[in-house]
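Quick notes on the structure that follows.
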Amino acid sequence: MTAQIDPFYAIAVSGLAHRLKAEGRSIIHMEFGQPSTGAPAAAIAAAHHVLDSDPMGYWESPALKARICQHYAETYGVDVEPARILLTCGASPALVLALSMSFAPGARVAIARPGYVAYRNTLKAMHIEPVELPCGEAERFQLTAAALAALEPAPDGVIIASPANPTGTIIPRDELQAIADVCAARGITIISDEIYHGISYGQRTPSMLEVAPGALIVNSFSKYFSMAGWRLGWLLVPPSGIDAARARMGNLFLTPPSLAQHAGLVAMDCREELDGNLQTYTRNRDLLLAALPTMGLGRIAPPDGAFYIYADISEFTDDSMEFCQQLLRDTGVATAPGIDFDPVEGNRFMRISFAVSTPQVEDAIRRIGPWFASRNRRPKP
């Protein structure tokens with residue numbers, strides 16, 4: 001019997017946004033977590049050159065693997081051999097590889113709730129049981145070592161995300177160490193999703209690899225490197241997992257696009273341009289954190305990193321899907337309903353992506369401010 005998985009509700013919101021745009025409406029897309037900027041200019045120039053000079057084909061770039069290893073040494077102080085890097089078509093196949101090489105059907109894998117919708121649904125699709133741990137304000141919306149230690153029986157694995165989607169919260173290094181210790185003691189395999197590394201606001205984002213050398217690390221060029229459409233990512237595996245990971249990669253996915261690999265190698269040295277994008281996100285974040293409380297959205301998860309605001313809208317609704325659709329119809333601002341990220345309490349949350357231009361954020365604030373002011377508040381229980 002095939003697995004039953006839930007839809008990605010933000011896609012439905014985006015579909016409505018595109019229909020409204022086709023009707024002539026002005027739409028601001030803040031529903032998806034993708035940068036509105038393109039790949040770095042030098043990466044695009046390299047891609048143009050490759051298109052004219054290389055027929056391309058199935059290929060794994062040794063230079064790109066070596067450059068990723070250099071990145072781990074420079075950024076985290078961790079030595080990694082290129083053989084441990086598997087280049088993938090974005091982070092999603094990397095997650096599938098990590099899960100398929102680590103767990104059999106029927107295994108149990110812990111995830112935070114709220115958390116990225118595809119964790120839960122990919123686990124279900126692979127007949128792996130998601131064990132959702134509620135993470136609220138007291139836990140800064142993040143998994144904790146204490147929660148994993150208290151979980152009985154121990155799960156077979158855990159997916160850690162820092163910075164997290166939808167909240168942007170970062171797990172400090174001492175808590176990462178505590179999580180790693182619990183997992184080592186209880187035999188829990190760690191998969192760490194680090195696709196938002198490079199996007200943080202005032203604090204360092206440690207890698208799980210610093211405290212758990214045997215962890216599997218998922219990463220991508222889609223976020224910090226602003227290359228979502230190029231479909232390029234990687235999975236870093238422990239030495240003992242290289243053969244299993246490569247067998248699955250070769251049969252399931254072959255290789256990522258050659259063109260993307262050429263461009264990605266160049267993008268890794270475009271830090272000045274990419275950090276300019278980060279400055280834009282910082283400004284956008286500040287604008288929203290100042291404006292949203294004046295609209296009645298005062299309870300916001302700490303956006304330490306990534307480019308999201310996860311806000312409590314329970315004063316206005318207990319149906320986040322209908323709320324986001326109505327907000328879109330009335331203002332042209334597309335956002336994501338919290339039910340994507342939390343099937344239990346997400347009906348009273350929404351996620352706003354600020355990976356757009358600052359003028360678009362300013363315009364969105366002008367549009368939604370009067371809309372929120374006109375909404376009736378729900379009586380408090």
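Identifiers in this document derive from the order of the structure tokens: chains are assigned A, B, ..., residues are numbered from 1 separately in each chain, and ligands are numbered from 1 in order of occurrence.
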
Compile the contact shell of Cys270 in chain A as a PyMOL selection string: residues with an atom at most 9 Å away, counting only C-alpha atoms, same-chain residues fewer than 6 positions apart removed.
-> chain A and resi 40-43+225

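Around Gly157 in chain A, within 7 Å and counting only C-alpha atoms, the residues found are A:Arg108, A:Val109, A:Ala110, A:Ile188, A:Thr189, A:Ile190, once anything fewer than 4 positions away on its own chain is removed.
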
d(CA of Gly198 in chain A, CA of Asn284 in chain A) in Å =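 If I compute the distance from CA of Gly198 in chain A to CA of Asn284 in chain A, I get 16.4 Å.
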
Using only C-alpha atoms, find each residue of range 137-224 of chain A with at least one atom at most 9 Å away from an atom of range 332-355 of chain A; report its shortest atom-to-atom pair and that distance in Å (one decimal), sort the rows by chain and rising residue number, and return the result as a tab-separated table.
```
residue	atom	partner	partner_atom	distance
A:Asn165	CA	A:Phe341	CA	8.3
A:Pro166	CA	A:Arg351	CA	6.5
A:Thr167	CA	A:Arg351	CA	8.0
```

Hey, what's within 8 Å of range 214-221 of chain A if we count only C-alpha atoms and toss same-chain stuff fewer than 6 positions away? As a PyMOL selection string, please?
-> chain A and resi 90-91+94-95+98+189-195+208+227-228+231-238+264

Those same residues - N, CA, C and O atoms - I'd like them written as a CSV table (one decimal), in the first residue's frame.
```csv
chain,number,residue,atom,x,y,z
A,90,GLY,N,20.0,19.4,-5.5
A,90,GLY,CA,19.4,20.1,-4.5
A,90,GLY,C,19.4,19.3,-3.2
A,90,GLY,O,19.9,18.2,-3.1
A,91,ALA,N,18.8,19.9,-2.1
A,91,ALA,CA,18.8,19.3,-0.8
A,91,ALA,C,17.8,18.2,-0.7
A,91,ALA,O,18.0,17.2,0.1
A,94,ALA,N,19.2,14.9,-1.5
A,94,ALA,CA,20.2,14.6,-0.4
A,94,ALA,C,19.5,14.0,0.8
A,94,ALA,O,20.0,13.1,1.4
A,95,LEU,N,18.3,14.6,1.1
A,95,LEU,CA,17.6,14.1,2.3
A,95,LEU,C,17.1,12.6,2.0
A,95,LEU,O,17.2,11.8,2.8
A,98,ALA,N,20.0,10.3,2.4
A,98,ALA,CA,20.4,10.1,3.8
A,98,ALA,C,19.4,9.2,4.5
A,98,ALA,O,19.8,8.3,5.3
A,189,THR,N,20.8,8.0,14.9
A,189,THR,CA,21.5,8.5,13.8
A,189,THR,C,21.0,10.0,13.6
A,189,THR,O,19.8,10.3,13.6
A,190,ILE,N,22.0,10.9,13.3
A,190,ILE,CA,21.7,12.3,13.2
A,190,ILE,C,21.8,12.7,11.7
A,190,ILE,O,22.8,12.4,11.0
A,191,ILE,N,20.7,13.3,11.2
A,191,ILE,CA,20.7,14.0,9.9
A,191,ILE,C,20.6,15.5,10.2
A,191,ILE,O,19.6,15.9,10.8
A,192,SER,N,21.5,16.3,9.8
A,192,SER,CA,21.5,17.7,10.0
A,192,SER,C,21.3,18.5,8.7
A,192,SER,O,22.1,18.4,7.8
A,193,ASP,N,20.2,19.2,8.7
A,193,ASP,CA,19.9,20.0,7.5
A,193,ASP,C,20.4,21.4,7.7
A,193,ASP,O,20.0,22.1,8.6
A,194,GLU,N,21.4,21.7,6.9
A,194,GLU,CA,22.2,23.0,7.1
A,194,GLU,C,22.1,23.9,5.9
A,194,GLU,O,23.0,24.7,5.6
A,195,ILE,N,20.9,23.9,5.2
A,195,ILE,CA,20.8,24.6,4.0
A,195,ILE,C,20.7,26.1,4.2
A,195,ILE,O,21.0,26.9,3.3
A,208,MET,N,26.7,20.7,12.8
A,208,MET,CA,26.6,19.4,13.6
A,208,MET,C,27.9,18.6,13.5
A,208,MET,O,28.2,17.9,14.4
A,227,MET,N,20.8,30.1,-5.6
A,227,MET,CA,20.8,29.3,-6.8
A,227,MET,C,19.7,28.3,-6.8
A,227,MET,O,19.9,27.1,-7.2
A,228,ALA,N,18.5,28.6,-6.3
A,228,ALA,CA,17.5,27.6,-6.1
A,228,ALA,C,17.1,26.9,-7.4
A,228,ALA,O,16.9,25.7,-7.5
A,231,ARG,N,19.3,23.7,-9.0
A,231,ARG,CA,19.2,22.4,-8.5
A,231,ARG,C,20.5,21.7,-8.2
A,231,ARG,O,20.9,20.8,-8.8
A,232,LEU,N,21.2,22.3,-7.2
A,232,LEU,CA,22.5,21.8,-6.8
A,232,LEU,C,22.6,21.8,-5.3
A,232,LEU,O,22.3,22.8,-4.6
A,233,GLY,N,23.0,20.6,-4.7
A,233,GLY,CA,23.2,20.5,-3.3
A,233,GLY,C,24.2,19.4,-3.0
A,233,GLY,O,24.9,18.9,-3.9
A,234,TRP,N,24.3,19.0,-1.7
A,234,TRP,CA,25.3,17.9,-1.4
A,234,TRP,C,24.8,17.2,-0.2
A,234,TRP,O,24.1,17.8,0.7
A,235,LEU,N,25.3,16.0,-0.1
A,235,LEU,CA,25.2,15.2,1.2
A,235,LEU,C,26.5,14.8,1.6
A,235,LEU,O,27.3,14.3,0.8
A,236,LEU,N,26.9,15.1,2.9
A,236,LEU,CA,28.1,14.7,3.5
A,236,LEU,C,27.9,13.5,4.3
A,236,LEU,O,27.0,13.6,5.3
A,237,VAL,N,28.6,12.4,4.1
A,237,VAL,CA,28.3,11.2,4.8
A,237,VAL,C,29.6,10.7,5.6
A,237,VAL,O,30.7,11.1,5.2
A,238,PRO,N,29.4,9.9,6.6
A,238,PRO,CA,30.6,9.4,7.3
A,238,PRO,C,31.3,8.4,6.4
A,238,PRO,O,30.7,7.9,5.5
A,264,GLY,N,28.3,26.6,-9.6
A,264,GLY,CA,28.4,26.5,-8.2
A,264,GLY,C,29.8,26.7,-7.7
A,264,GLY,O,30.0,27.3,-6.6
```

Atomic distance CA of Lys21 in chain A - CA of Asp312 in chain A, expressed in Å with one decimal |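 Interatomic distance, CA of Lys21 in chain A to CA of Asp312 in chain A: 27.6 Å.
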
Quick one: everything within 9 Å of Leu254 in chain A, counting only C-alpha atoms, minus sequence neighbours fewer than 2 positions away in the same chain. Send it as an mmCIF file with N, CA and C atoms, in the first residue's frame.
```cif
data_model
loop_
_atom_site.group_PDB
_atom_site.id
_atom_site.type_symbol
_atom_site.label_atom_id
_atom_site.label_comp_id
_atom_site.auth_asym_id
_atom_site.auth_seq_id
_atom_site.Cartn_x
_atom_site.Cartn_y
_atom_site.Cartn_z
ATOM 1 N N TYR A 58 26.826 13.294 -17.820
ATOM 2 C CA TYR A 58 26.854 12.854 -16.431
ATOM 3 C C TYR A 58 28.245 13.129 -15.866
ATOM 4 N N TRP A 59 28.298 13.842 -14.734
ATOM 5 C CA TRP A 59 29.600 14.307 -14.265
ATOM 6 C C TRP A 59 29.500 14.719 -12.811
ATOM 7 N N THR A 88 24.320 16.523 -5.333
ATOM 8 C CA THR A 88 22.934 16.125 -5.569
ATOM 9 C C THR A 88 22.166 17.233 -6.285
ATOM 10 N N ARG A 248 23.128 4.333 -3.980
ATOM 11 C CA ARG A 248 21.799 4.928 -4.119
ATOM 12 C C ARG A 248 21.819 6.125 -5.060
ATOM 13 N N MET A 249 22.845 6.955 -4.928
ATOM 14 C CA MET A 249 22.931 8.123 -5.811
ATOM 15 C C MET A 249 22.998 7.686 -7.271
ATOM 16 N N GLY A 250 23.818 6.697 -7.573
ATOM 17 C CA GLY A 250 23.975 6.259 -8.948
ATOM 18 C C GLY A 250 22.712 5.674 -9.539
ATOM 19 N N ASN A 251 21.932 4.984 -8.741
ATOM 20 C CA ASN A 251 20.720 4.349 -9.243
ATOM 21 C C ASN A 251 19.507 5.270 -9.236
ATOM 22 N N LEU A 252 19.407 6.132 -8.243
ATOM 23 C CA LEU A 252 18.216 6.974 -8.113
ATOM 24 C C LEU A 252 18.322 8.293 -8.862
ATOM 25 N N PRO A 256 23.931 15.592 -10.452
ATOM 26 C CA PRO A 256 23.252 16.870 -10.658
ATOM 27 C C PRO A 256 23.669 17.471 -12.005
#
```

Go through A:Pro7, A:Gly202, A:Pro93, A:Pro82 one by one, measure the shortest atom-to-atom distance of each to Val117 in chain A using only C-alpha atoms, and give the residue with the smallest value.
-> A:Pro7
